[in-house]
>>> print(open('structure-v5.tsv').read())   # TSV, N, CA and C atoms
chain	number	residue	atom	x	y	z
N	1	MET	N	-63.80	-66.27	-104.97
N	1	MET	CA	-63.24	-67.60	-105.00
N	1	MET	C	-64.36	-68.61	-104.74
N	2	SER	N	-64.42	-69.63	-105.54
N	2	SER	CA	-65.46	-70.64	-105.38
N	2	SER	C	-65.10	-71.62	-104.26
N	3	ASP	N	-66.09	-72.35	-103.78
N	3	ASP	CA	-65.86	-73.33	-102.73
N	3	ASP	C	-64.85	-74.38	-103.17
N	4	SER	N	-64.89	-74.78	-104.45
N	4	SER	CA	-63.95	-75.79	-104.92
N	4	SER	C	-62.51	-75.29	-104.94
N	5	GLU	N	-62.31	-73.99	-105.10
N	5	GLU	CA	-60.96	-73.42	-105.07
N	5	GLU	C	-60.41	-73.36	-103.67
N	6	ASP	N	-61.28	-73.22	-102.67
N	6	ASP	CA	-60.85	-73.04	-101.29
N	6	ASP	C	-60.74	-74.35	-100.52
N	7	ARG	N	-61.04	-75.48	-101.15
N	7	ARG	CA	-61.06	-76.75	-100.44
N	7	ARG	C	-59.64	-77.25	-100.17
N	8	TRP	N	-59.54	-78.18	-99.23
N	8	TRP	CA	-58.27	-78.82	-98.91
N	8	TRP	C	-57.92	-79.81	-100.01
N	9	ARG	N	-56.65	-79.86	-100.40
N	9	ARG	CA	-56.16	-80.76	-101.43
N	9	ARG	C	-55.39	-81.92	-100.80
N	10	SER	N	-55.43	-83.08	-101.44
N	10	SER	CA	-54.67	-84.25	-100.99
N	10	SER	C	-53.25	-84.19	-101.55
N	11	VAL	N	-52.41	-85.11	-101.11
N	11	VAL	CA	-51.05	-85.22	-101.63
N	11	VAL	C	-51.09	-85.48	-103.14
N	12	VAL	N	-51.94	-86.40	-103.57
N	12	VAL	CA	-52.04	-86.72	-105.00
N	12	VAL	C	-52.44	-85.47	-105.80
N	13	GLU	N	-53.42	-84.74	-105.31
N	13	GLU	CA	-53.87	-83.55	-106.03
N	13	GLU	C	-52.80	-82.47	-106.08
N	14	ILE	N	-52.07	-82.27	-104.98
N	14	ILE	CA	-51.05	-81.22	-104.97
N	14	ILE	C	-49.87	-81.64	-105.84
N	15	CYS	N	-49.57	-82.95	-105.91
N	15	CYS	CA	-48.52	-83.44	-106.81
N	15	CYS	C	-48.90	-83.18	-108.26
N	16	GLN	N	-50.14	-83.48	-108.61
N	16	GLN	CA	-50.60	-83.23	-109.97
N	16	GLN	C	-50.57	-81.75	-110.30
N	17	TYR	N	-51.00	-80.93	-109.36
N	17	TYR	CA	-51.02	-79.48	-109.56
N	17	TYR	C	-49.61	-78.93	-109.80
N	18	LEU	N	-48.63	-79.43	-109.03
N	18	LEU	CA	-47.26	-78.93	-109.13
N	18	LEU	C	-46.42	-79.68	-110.14
N	19	GLY	N	-46.88	-80.87	-110.56
N	19	GLY	CA	-46.10	-81.66	-111.51
N	19	GLY	C	-44.88	-82.30	-110.89
N	20	VAL	N	-45.00	-82.72	-109.63
N	20	VAL	CA	-43.89	-83.37	-108.94
N	20	VAL	C	-44.36	-84.69	-108.34
N	21	SER	N	-43.43	-85.50	-107.84
N	21	SER	CA	-43.77	-86.80	-107.27
N	21	SER	C	-44.18	-86.68	-105.80
N	22	ASN	N	-44.79	-87.75	-105.30
N	22	ASN	CA	-45.14	-87.82	-103.87
N	22	ASN	C	-43.89	-87.65	-103.01
N	23	ASP	N	-42.80	-88.31	-103.40
N	23	ASP	CA	-41.56	-88.22	-102.64
N	23	ASP	C	-41.08	-86.78	-102.52
N	24	THR	N	-41.20	-86.03	-103.59
N	24	THR	CA	-40.78	-84.63	-103.58
N	24	THR	C	-41.63	-83.83	-102.59
N	25	VAL	N	-42.93	-84.03	-102.61
N	25	VAL	CA	-43.80	-83.30	-101.68
N	25	VAL	C	-43.47	-83.65	-100.24
N	26	TYR	N	-43.31	-84.93	-99.94
N	26	TYR	CA	-42.98	-85.33	-98.56
N	26	TYR	C	-41.63	-84.76	-98.13
N	27	ARG	N	-40.66	-84.72	-99.05
N	27	ARG	CA	-39.35	-84.14	-98.75
N	27	ARG	C	-39.48	-82.64	-98.48
N	28	TRP	N	-40.29	-81.94	-99.30
N	28	TRP	CA	-40.50	-80.50	-99.08
N	28	TRP	C	-41.17	-80.23	-97.74
N	29	ILE	N	-42.11	-81.07	-97.33
N	29	ILE	CA	-42.76	-80.90	-96.03
N	29	ILE	C	-41.71	-81.04	-94.93
N	30	ASP	N	-40.90	-82.08	-95.03
N	30	ASP	CA	-39.92	-82.40	-93.99
N	30	ASP	C	-38.74	-81.44	-93.96
N	31	LYS	N	-38.19	-81.11	-95.11
N	31	LYS	CA	-36.92	-80.37	-95.16
N	31	LYS	C	-37.07	-78.87	-95.46
N	32	ARG	N	-38.15	-78.50	-96.10
N	32	ARG	CA	-38.25	-77.10	-96.57
N	32	ARG	C	-39.46	-76.35	-96.04
N	33	GLY	N	-40.20	-76.99	-95.16
N	33	GLY	CA	-41.31	-76.28	-94.52
N	33	GLY	C	-42.50	-76.00	-95.42
N	34	MET	N	-42.73	-76.88	-96.37
N	34	MET	CA	-43.91	-76.72	-97.23
N	34	MET	C	-45.16	-76.66	-96.37
N	35	PRO	N	-46.05	-75.70	-96.61
N	35	PRO	CA	-47.26	-75.60	-95.79
N	35	PRO	C	-48.20	-76.77	-96.02
N	36	ALA	N	-48.34	-77.61	-95.01
N	36	ALA	CA	-49.19	-78.79	-95.06
N	36	ALA	C	-49.76	-79.00	-93.68
N	37	HIS	N	-50.91	-79.59	-93.62
N	37	HIS	CA	-51.61	-79.80	-92.35
N	37	HIS	C	-51.96	-81.27	-92.22
N	38	ARG	N	-51.66	-81.84	-91.07
N	38	ARG	CA	-51.93	-83.24	-90.82
N	38	ARG	C	-53.37	-83.40	-90.36
N	39	VAL	N	-54.11	-84.25	-91.03
N	39	VAL	CA	-55.48	-84.58	-90.66
N	39	VAL	C	-55.51	-86.09	-90.47
N	40	GLY	N	-55.40	-86.52	-89.22
N	40	GLY	CA	-55.23	-87.95	-88.96
N	40	GLY	C	-53.91	-88.41	-89.52
N	41	ARG	N	-53.97	-89.39	-90.42
N	41	ARG	CA	-52.76	-89.90	-91.07
N	41	ARG	C	-52.49	-89.23	-92.41
N	42	LEU	N	-53.36	-88.34	-92.83
N	42	LEU	CA	-53.25	-87.72	-94.16
N	42	LEU	C	-52.69	-86.31	-94.08
N	43	TRP	N	-51.99	-85.93	-95.14
N	43	TRP	CA	-51.56	-84.55	-95.29
N	43	TRP	C	-52.55	-83.84	-96.19
N	44	LYS	N	-52.89	-82.60	-95.83
N	44	LYS	CA	-53.81	-81.78	-96.63
N	44	LYS	C	-53.17	-80.43	-96.89
N	45	PHE	N	-53.55	-79.81	-98.00
N	45	PHE	CA	-52.92	-78.58	-98.45
N	45	PHE	C	-53.97	-77.57	-98.90
N	46	LYS	N	-53.69	-76.31	-98.64
N	46	LYS	CA	-54.47	-75.21	-99.22
N	46	LYS	C	-53.66	-74.71	-100.42
N	47	LYS	N	-54.27	-74.71	-101.58
N	47	LYS	CA	-53.59	-74.32	-102.82
N	47	LYS	C	-52.96	-72.93	-102.69
N	48	GLU	N	-53.67	-72.01	-102.07
N	48	GLU	CA	-53.18	-70.63	-101.94
N	48	GLU	C	-51.91	-70.58	-101.09
N	49	GLN	N	-51.86	-71.38	-100.02
N	49	GLN	CA	-50.67	-71.42	-99.16
N	49	GLN	C	-49.48	-72.01	-99.91
N	50	VAL	N	-49.72	-73.05	-100.68
N	50	VAL	CA	-48.65	-73.68	-101.46
N	50	VAL	C	-48.14	-72.70	-102.53
N	51	ASP	N	-49.06	-72.01	-103.20
N	51	ASP	CA	-48.65	-71.02	-104.20
N	51	ASP	C	-47.77	-69.94	-103.58
N	52	THR	N	-48.16	-69.43	-102.43
N	52	THR	CA	-47.39	-68.38	-101.75
N	52	THR	C	-46.02	-68.90	-101.35
N	53	TRP	N	-45.94	-70.14	-100.84
N	53	TRP	CA	-44.68	-70.74	-100.44
N	53	TRP	C	-43.74	-70.88	-101.64
N	54	ILE	N	-44.28	-71.33	-102.77
N	54	ILE	CA	-43.46	-71.48	-103.97
N	54	ILE	C	-42.98	-70.12	-104.47
N	55	GLU	N	-43.87	-69.14	-104.51
N	55	GLU	CA	-43.51	-67.80	-104.98
N	55	GLU	C	-42.43	-67.17	-104.09
N	56	ALA	N	-42.41	-67.53	-102.82
N	56	ALA	CA	-41.41	-67.02	-101.89
N	56	ALA	C	-40.09	-67.79	-101.97
N	57	GLY	N	-40.02	-68.80	-102.85
N	57	GLY	CA	-38.78	-69.55	-103.05
N	57	GLY	C	-38.66	-70.80	-102.21
N	58	GLY	N	-39.76	-71.25	-101.62
N	58	GLY	CA	-39.72	-72.43	-100.76
N	58	GLY	C	-39.26	-73.69	-101.45
N	59	ALA	N	-39.54	-73.81	-102.74
N	59	ALA	CA	-39.16	-75.02	-103.48
N	59	ALA	C	-37.88	-74.81	-104.27
N	60	SER	N	-37.25	-73.67	-104.12
N	60	SER	CA	-36.08	-73.34	-104.92
N	60	SER	C	-34.87	-74.19	-104.53
N	61	THR	N	-34.28	-74.87	-105.49
N	61	THR	CA	-33.07	-75.67	-105.26
N	61	THR	C	-31.91	-74.76	-104.90
N	62	PHE	N	-31.81	-73.61	-105.54
N	62	PHE	CA	-30.72	-72.68	-105.28
N	62	PHE	C	-30.76	-72.23	-103.82
N	63	GLU	N	-31.92	-71.84	-103.32
N	63	GLU	CA	-32.05	-71.39	-101.94
N	63	GLU	C	-31.64	-72.49	-100.98
N	64	HIS	N	-32.07	-73.72	-101.24
N	64	HIS	CA	-31.78	-74.83	-100.34
N	64	HIS	C	-30.27	-75.09	-100.29
N	65	LYS	N	-29.61	-75.10	-101.42
N	65	LYS	CA	-28.17	-75.33	-101.46
N	65	LYS	C	-27.43	-74.21	-100.76
N	66	ARG	N	-27.88	-72.98	-100.95
N	66	ARG	CA	-27.23	-71.84	-100.34
N	66	ARG	C	-27.33	-71.93	-98.80
N	67	ARG	N	-28.52	-72.30	-98.30
N	67	ARG	CA	-28.71	-72.42	-96.85
N	67	ARG	C	-27.84	-73.53	-96.27
N	68	LYS	N	-27.69	-74.64	-96.99
N	68	LYS	CA	-26.89	-75.76	-96.49
N	68	LYS	C	-25.42	-75.38	-96.38
N	69	SER	N	-24.92	-74.51	-97.25
N	69	SER	CA	-23.49	-74.21	-97.27
N	69	SER	C	-23.11	-73.17	-96.22
N	70	THR	N	-24.06	-72.51	-95.61
N	70	THR	CA	-23.71	-71.49	-94.60
N	70	THR	C	-23.68	-72.06	-93.23
>>> encode(input="structure-v5.tsv", output="C-alpha cells")
Amino acid sequence: MSDSEDRWRSVVEICQYLGVSNDTVYRWIDKRGMPAHRVGRLWKFKKEQVDTWIEAGGASTFEHKRRKST
C-alpha cells in the first residue's frame, strides 16, 4: 500500500469517494457509527476503515430500519 492510500481523508474526499453528500456522511457518523476521527474541528477518515464499515452493512438502509423497529 502506498503512502497516498494510507493517508487520512477529509469529509469532502470521503463524500467524493462514496458518492454521497456531506449531510449523509455527518448523519452516518452520528447515527450509524461511521468510523471517523476528530482532529480539532475536522473529521478525518481512513479509507480502509470506511470500506470495512460499508462492507459490514454500516450504511445499509435496510439494517437501520430493522434496528429502529425492534
>>> closest_residue(input="structure-v5.tsv", among="N:Gly57, N:Gly19, N:Tyr26, N:Asp6", to="Phe45 in chain N", atoms="all atoms listed in the file")
N:Asp6
>>> select_by_dssp(input="structure-v5.tsv", residues="chain N", states="strand (DSSP E or B)", output="mmCIF file with N, CA and C atoms, in the frame of the given file")
data_model
loop_
_atom_site.group_PDB
_atom_site.id
_atom_site.type_symbol
_atom_site.label_atom_id
_atom_site.label_comp_id
_atom_site.auth_asym_id
_atom_site.auth_seq_id
_atom_site.Cartn_x
_atom_site.Cartn_y
_atom_site.Cartn_z
ATOM 1 N N TRP N 8 -59.540 -78.180 -99.230
ATOM 2 C CA TRP N 8 -58.270 -78.820 -98.910
ATOM 3 C C TRP N 8 -57.920 -79.810 -100.010
ATOM 4 N N ARG N 9 -56.650 -79.860 -100.400
ATOM 5 C CA ARG N 9 -56.160 -80.760 -101.430
ATOM 6 C C ARG N 9 -55.390 -81.920 -100.800
ATOM 7 N N HIS N 37 -50.910 -79.590 -93.620
ATOM 8 C CA HIS N 37 -51.610 -79.800 -92.350
ATOM 9 C C HIS N 37 -51.960 -81.270 -92.220
ATOM 10 N N ARG N 38 -51.660 -81.840 -91.070
ATOM 11 C CA ARG N 38 -51.930 -83.240 -90.820
ATOM 12 C C ARG N 38 -53.370 -83.400 -90.360
ATOM 13 N N VAL N 39 -54.110 -84.250 -91.030
ATOM 14 C CA VAL N 39 -55.480 -84.580 -90.660
ATOM 15 C C VAL N 39 -55.510 -86.090 -90.470
ATOM 16 N N LEU N 42 -53.360 -88.340 -92.830
ATOM 17 C CA LEU N 42 -53.250 -87.720 -94.160
ATOM 18 C C LEU N 42 -52.690 -86.310 -94.080
ATOM 19 N N TRP N 43 -51.990 -85.930 -95.140
ATOM 20 C CA TRP N 43 -51.560 -84.550 -95.290
ATOM 21 C C TRP N 43 -52.550 -83.840 -96.190
ATOM 22 N N LYS N 44 -52.890 -82.600 -95.830
ATOM 23 C CA LYS N 44 -53.810 -81.780 -96.630
ATOM 24 C C LYS N 44 -53.170 -80.430 -96.890
ATOM 25 N N PHE N 45 -53.550 -79.810 -98.000
ATOM 26 C CA PHE N 45 -52.920 -78.580 -98.450
ATOM 27 C C PHE N 45 -53.970 -77.570 -98.900
ATOM 28 N N LYS N 46 -53.690 -76.310 -98.640
ATOM 29 C CA LYS N 46 -54.470 -75.210 -99.220
ATOM 30 C C LYS N 46 -53.660 -74.710 -100.420
#
>>> select_by_dssp(input="structure-v5.tsv", residues="chain N", states="helix (DSSP H, G or I)", output="PDB file with N, CA and C atoms, in the coordinates of the input")
ATOM      1  N   ASP N   3     -66.090 -72.350-103.780  1.00  0.00           N
ATOM      2  CA  ASP N   3     -65.860 -73.330-102.730  1.00  0.00           C
ATOM      3  C   ASP N   3     -64.850 -74.380-103.170  1.00  0.00           C
ATOM      4  N   SER N   4     -64.890 -74.780-104.450  1.00  0.00           N
ATOM      5  CA  SER N   4     -63.950 -75.790-104.920  1.00  0.00           C
ATOM      6  C   SER N   4     -62.510 -75.290-104.940  1.00  0.00           C
ATOM      7  N   GLU N   5     -62.310 -73.990-105.100  1.00  0.00           N
ATOM      8  CA  GLU N   5     -60.960 -73.420-105.070  1.00  0.00           C
ATOM      9  C   GLU N   5     -60.410 -73.360-103.670  1.00  0.00           C
ATOM     10  N   ASP N   6     -61.280 -73.220-102.670  1.00  0.00           N
ATOM     11  CA  ASP N   6     -60.850 -73.040-101.290  1.00  0.00           C
ATOM     12  C   ASP N   6     -60.740 -74.350-100.520  1.00  0.00           C
ATOM     13  N   VAL N  11     -52.410 -85.110-101.110  1.00  0.00           N
ATOM     14  CA  VAL N  11     -51.050 -85.220-101.630  1.00  0.00           C
ATOM     15  C   VAL N  11     -51.090 -85.480-103.140  1.00  0.00           C
ATOM     16  N   VAL N  12     -51.940 -86.400-103.570  1.00  0.00           N
ATOM     17  CA  VAL N  12     -52.040 -86.720-105.000  1.00  0.00           C
ATOM     18  C   VAL N  12     -52.440 -85.470-105.800  1.00  0.00           C
ATOM     19  N   GLU N  13     -53.420 -84.740-105.310  1.00  0.00           N
ATOM     20  CA  GLU N  13     -53.870 -83.550-106.030  1.00  0.00           C
ATOM     21  C   GLU N  13     -52.800 -82.470-106.080  1.00  0.00           C
ATOM     22  N   ILE N  14     -52.070 -82.270-104.980  1.00  0.00           N
ATOM     23  CA  ILE N  14     -51.050 -81.220-104.970  1.00  0.00           C
ATOM     24  C   ILE N  14     -49.870 -81.640-105.840  1.00  0.00           C
ATOM     25  N   CYS N  15     -49.570 -82.950-105.910  1.00  0.00           N
ATOM     26  CA  CYS N  15     -48.520 -83.440-106.810  1.00  0.00           C
ATOM     27  C   CYS N  15     -48.900 -83.180-108.260  1.00  0.00           C
ATOM     28  N   GLN N  16     -50.140 -83.480-108.610  1.00  0.00           N
ATOM     29  CA  GLN N  16     -50.600 -83.230-109.970  1.00  0.00           C
ATOM     30  C   GLN N  16     -50.570 -81.750-110.300  1.00  0.00           C
ATOM     31  N   TYR N  17     -51.000 -80.930-109.360  1.00  0.00           N
ATOM     32  CA  TYR N  17     -51.020 -79.480-109.560  1.00  0.00           C
ATOM     33  C   TYR N  17     -49.610 -78.930-109.800  1.00  0.00           C
ATOM     34  N   LEU N  18     -48.630 -79.430-109.030  1.00  0.00           N
ATOM     35  CA  LEU N  18     -47.260 -78.930-109.130  1.00  0.00           C
ATOM     36  C   LEU N  18     -46.420 -79.680-110.140  1.00  0.00           C
ATOM     37  N   ASN N  22     -44.790 -87.750-105.300  1.00  0.00           N
ATOM     38  CA  ASN N  22     -45.140 -87.820-103.870  1.00  0.00           C
ATOM     39  C   ASN N  22     -43.890 -87.650-103.010  1.00  0.00           C
ATOM     40  N   ASP N  23     -42.800 -88.310-103.400  1.00  0.00           N
ATOM     41  CA  ASP N  23     -41.560 -88.220-102.640  1.00  0.00           C
ATOM     42  C   ASP N  23     -41.080 -86.780-102.520  1.00  0.00           C
ATOM     43  N   THR N  24     -41.200 -86.030-103.590  1.00  0.00           N
ATOM     44  CA  THR N  24     -40.780 -84.630-103.580  1.00  0.00           C
ATOM     45  C   THR N  24     -41.630 -83.830-102.590  1.00  0.00           C
ATOM     46  N   VAL N  25     -42.930 -84.030-102.610  1.00  0.00           N
ATOM     47  CA  VAL N  25     -43.800 -83.300-101.680  1.00  0.00           C
ATOM     48  C   VAL N  25     -43.470 -83.650-100.240  1.00  0.00           C
ATOM     49  N   TYR N  26     -43.310 -84.930 -99.940  1.00  0.00           N
ATOM     50  CA  TYR N  26     -42.980 -85.330 -98.560  1.00  0.00           C
ATOM     51  C   TYR N  26     -41.630 -84.760 -98.130  1.00  0.00           C
ATOM     52  N   ARG N  27     -40.660 -84.720 -99.050  1.00  0.00           N
ATOM     53  CA  ARG N  27     -39.350 -84.140 -98.750  1.00  0.00           C
ATOM     54  C   ARG N  27     -39.480 -82.640 -98.480  1.00  0.00           C
ATOM     55  N   TRP N  28     -40.290 -81.940 -99.300  1.00  0.00           N
ATOM     56  CA  TRP N  28     -40.500 -80.500 -99.080  1.00  0.00           C
ATOM     57  C   TRP N  28     -41.170 -80.230 -97.740  1.00  0.00           C
ATOM     58  N   ILE N  29     -42.110 -81.070 -97.330  1.00  0.00           N
ATOM     59  CA  ILE N  29     -42.760 -80.900 -96.030  1.00  0.00           C
ATOM     60  C   ILE N  29     -41.710 -81.040 -94.930  1.00  0.00           C
ATOM     61  N   ASP N  30     -40.900 -82.080 -95.030  1.00  0.00           N
ATOM     62  CA  ASP N  30     -39.920 -82.400 -93.990  1.00  0.00           C
ATOM     63  C   ASP N  30     -38.740 -81.440 -93.960  1.00  0.00           C
ATOM     64  N   LYS N  31     -38.190 -81.110 -95.110  1.00  0.00           N
ATOM     65  CA  LYS N  31     -36.920 -80.370 -95.160  1.00  0.00           C
ATOM     66  C   LYS N  31     -37.070 -78.870 -95.460  1.00  0.00           C
ATOM     67  N   ARG N  32     -38.150 -78.500 -96.100  1.00  0.00           N
ATOM     68  CA  ARG N  32     -38.250 -77.100 -96.570  1.00  0.00           C
ATOM     69  C   ARG N  32     -39.460 -76.350 -96.040  1.00  0.00           C
ATOM     70  N   LYS N  47     -54.270 -74.710-101.580  1.00  0.00           N
ATOM     71  CA  LYS N  47     -53.590 -74.320-102.820  1.00  0.00           C
ATOM     72  C   LYS N  47     -52.960 -72.930-102.690  1.00  0.00           C
ATOM     73  N   GLU N  48     -53.670 -72.010-102.070  1.00  0.00           N
ATOM     74  CA  GLU N  48     -53.180 -70.630-101.940  1.00  0.00           C
ATOM     75  C   GLU N  48     -51.910 -70.580-101.090  1.00  0.00           C
ATOM     76  N   GLN N  49     -51.860 -71.380-100.020  1.00  0.00           N
ATOM     77  CA  GLN N  49     -50.670 -71.420 -99.160  1.00  0.00           C
ATOM     78  C   GLN N  49     -49.480 -72.010 -99.910  1.00  0.00           C
ATOM     79  N   VAL N  50     -49.720 -73.050-100.680  1.00  0.00           N
ATOM     80  CA  VAL N  50     -48.650 -73.680-101.460  1.00  0.00           C
ATOM     81  C   VAL N  50     -48.140 -72.700-102.530  1.00  0.00           C
ATOM     82  N   ASP N  51     -49.060 -72.010-103.200  1.00  0.00           N
ATOM     83  CA  ASP N  51     -48.650 -71.020-104.200  1.00  0.00           C
ATOM     84  C   ASP N  51     -47.770 -69.940-103.580  1.00  0.00           C
ATOM     85  N   THR N  52     -48.160 -69.430-102.430  1.00  0.00           N
ATOM     86  CA  THR N  52     -47.390 -68.380-101.750  1.00  0.00           C
ATOM     87  C   THR N  52     -46.020 -68.900-101.350  1.00  0.00           C
ATOM     88  N   TRP N  53     -45.940 -70.140-100.840  1.00  0.00           N
ATOM     89  CA  TRP N  53     -44.680 -70.740-100.440  1.00  0.00           C
ATOM     90  C   TRP N  53     -43.740 -70.880-101.640  1.00  0.00           C
ATOM     91  N   ILE N  54     -44.280 -71.330-102.770  1.00  0.00           N
ATOM     92  CA  ILE N  54     -43.460 -71.480-103.970  1.00  0.00           C
ATOM     93  C   ILE N  54     -42.980 -70.120-104.470  1.00  0.00           C
ATOM     94  N   GLU N  55     -43.870 -69.140-104.510  1.00  0.00           N
ATOM     95  CA  GLU N  55     -43.510 -67.800-104.980  1.00  0.00           C
ATOM     96  C   GLU N  55     -42.430 -67.170-104.090  1.00  0.00           C
ATOM     97  N   THR N  61     -34.280 -74.870-105.490  1.00  0.00           N
ATOM     98  CA  THR N  61     -33.070 -75.670-105.260  1.00  0.00           C
ATOM     99  C   THR N  61     -31.910 -74.760-104.900  1.00  0.00           C
ATOM    100  N   PHE N  62     -31.810 -73.610-105.540  1.00  0.00           N
ATOM    101  CA  PHE N  62     -30.720 -72.680-105.280  1.00  0.00           C
ATOM    102  C   PHE N  62     -30.760 -72.230-103.820  1.00  0.00           C
ATOM    103  N   GLU N  63     -31.920 -71.840-103.320  1.00  0.00           N
ATOM    104  CA  GLU N  63     -32.050 -71.390-101.940  1.00  0.00           C
ATOM    105  C   GLU N  63     -31.640 -72.490-100.980  1.00  0.00           C
ATOM    106  N   HIS N  64     -32.070 -73.720-101.240  1.00  0.00           N
ATOM    107  CA  HIS N  64     -31.780 -74.830-100.340  1.00  0.00           C
ATOM    108  C   HIS N  64     -30.270 -75.090-100.290  1.00  0.00           C
ATOM    109  N   LYS N  65     -29.610 -75.100-101.420  1.00  0.00           N
ATOM    110  CA  LYS N  65     -28.170 -75.330-101.460  1.00  0.00           C
ATOM    111  C   LYS N  65     -27.430 -74.210-100.760  1.00  0.00           C
ATOM    112  N   ARG N  66     -27.880 -72.980-100.950  1.00  0.00           N
ATOM    113  CA  ARG N  66     -27.230 -71.840-100.340  1.00  0.00           C
ATOM    114  C   ARG N  66     -27.330 -71.930 -98.800  1.00  0.00           C
ATOM    115  N   ARG N  67     -28.520 -72.300 -98.300  1.00  0.00           N
ATOM    116  CA  ARG N  67     -28.710 -72.420 -96.850  1.00  0.00           C
ATOM    117  C   ARG N  67     -27.840 -73.530 -96.270  1.00  0.00           C
ATOM    118  N   LYS N  68     -27.690 -74.640 -96.990  1.00  0.00           N
ATOM    119  CA  LYS N  68     -26.890 -75.760 -96.490  1.00  0.00           C
ATOM    120  C   LYS N  68     -25.420 -75.380 -96.380  1.00  0.00           C
ATOM    121  N   SER N  69     -24.920 -74.510 -97.250  1.00  0.00           N
ATOM    122  CA  SER N  69     -23.490 -74.210 -97.270  1.00  0.00           C
ATOM    123  C   SER N  69     -23.110 -73.170 -96.220  1.00  0.00           C
TER     124      SER N  69
END
>>> residues_around(input="structure-v5.tsv", residues="Lys47 in chain N", least_positions_apart="5", cutoff="7 Å", atoms="only N, CA and C atoms", output="count of residues only")
6
>>> atom_distance(input="structure-v5.tsv", atom1="CA of Met34 in chain N", atom2="atom C of Ala59 in chain N")
9.5 Å
>>> atom_distance(input="structure-v5.tsv", atom1="atom N of His37 in chain N", atom2="atom C of Thr61 in chain N")
22.6 Å
>>> atom_distance(input="structure-v5.tsv", atom1="CA of Val11 in chain N", atom2="CA of Gly58 in chain N")
17.1 Å
>>> closest_residue(input="structure-v5.tsv", among="N:Ser4, N:Ala56, N:Gln16, N:Val25", to="Trp43 in chain N", atoms="only C-alpha atoms")
N:Val25
>>> decode(input="structure-v5.tsv", residues="range 35-59 of chain N", atoms="C-alpha atoms", output="PDB file, in the first residue's frame")
ATOM      1  CA  PRO N  35     -15.581   5.267  11.563  1.00  0.00           C
ATOM      2  CA  ALA N  36     -14.331   8.847  11.740  1.00  0.00           C
ATOM      3  CA  HIS N  37     -11.777  10.604  13.892  1.00  0.00           C
ATOM      4  CA  ARG N  38     -11.991  14.163  15.149  1.00  0.00           C
ATOM      5  CA  VAL N  39      -8.855  16.234  14.565  1.00  0.00           C
ATOM      6  CA  GLY N  40      -9.568  19.619  16.093  1.00  0.00           C
ATOM      7  CA  ARG N  41     -12.742  20.791  14.376  1.00  0.00           C
ATOM      8  CA  LEU N  42     -12.296  18.481  11.373  1.00  0.00           C
ATOM      9  CA  TRP N  43     -13.398  14.925  10.750  1.00  0.00           C
ATOM     10  CA  LYS N  44     -10.835  12.589   9.174  1.00  0.00           C
ATOM     11  CA  PHE N  45     -11.275   9.106   7.732  1.00  0.00           C
ATOM     12  CA  LYS N  46      -9.155   6.094   6.878  1.00  0.00           C
ATOM     13  CA  LYS N  47     -10.408   4.695   3.564  1.00  0.00           C
ATOM     14  CA  GLU N  48      -9.824   1.102   4.704  1.00  0.00           C
ATOM     15  CA  GLN N  49     -11.938   1.600   7.854  1.00  0.00           C
ATOM     16  CA  VAL N  50     -14.768   3.148   5.850  1.00  0.00           C
ATOM     17  CA  ASP N  51     -14.630   0.298   3.312  1.00  0.00           C
ATOM     18  CA  THR N  52     -14.835  -2.295   6.102  1.00  0.00           C
ATOM     19  CA  TRP N  53     -17.742  -0.451   7.751  1.00  0.00           C
ATOM     20  CA  ILE N  54     -19.674  -0.334   4.474  1.00  0.00           C
ATOM     21  CA  GLU N  55     -18.970  -3.994   3.684  1.00  0.00           C
ATOM     22  CA  ALA N  56     -20.289  -4.909   7.150  1.00  0.00           C
ATOM     23  CA  GLY N  57     -23.577  -3.116   6.361  1.00  0.00           C
ATOM     24  CA  GLY N  58     -22.936   0.110   8.264  1.00  0.00           C
ATOM     25  CA  ALA N  59     -24.521   2.244   5.562  1.00  0.00           C
TER      26      ALA N  59
END
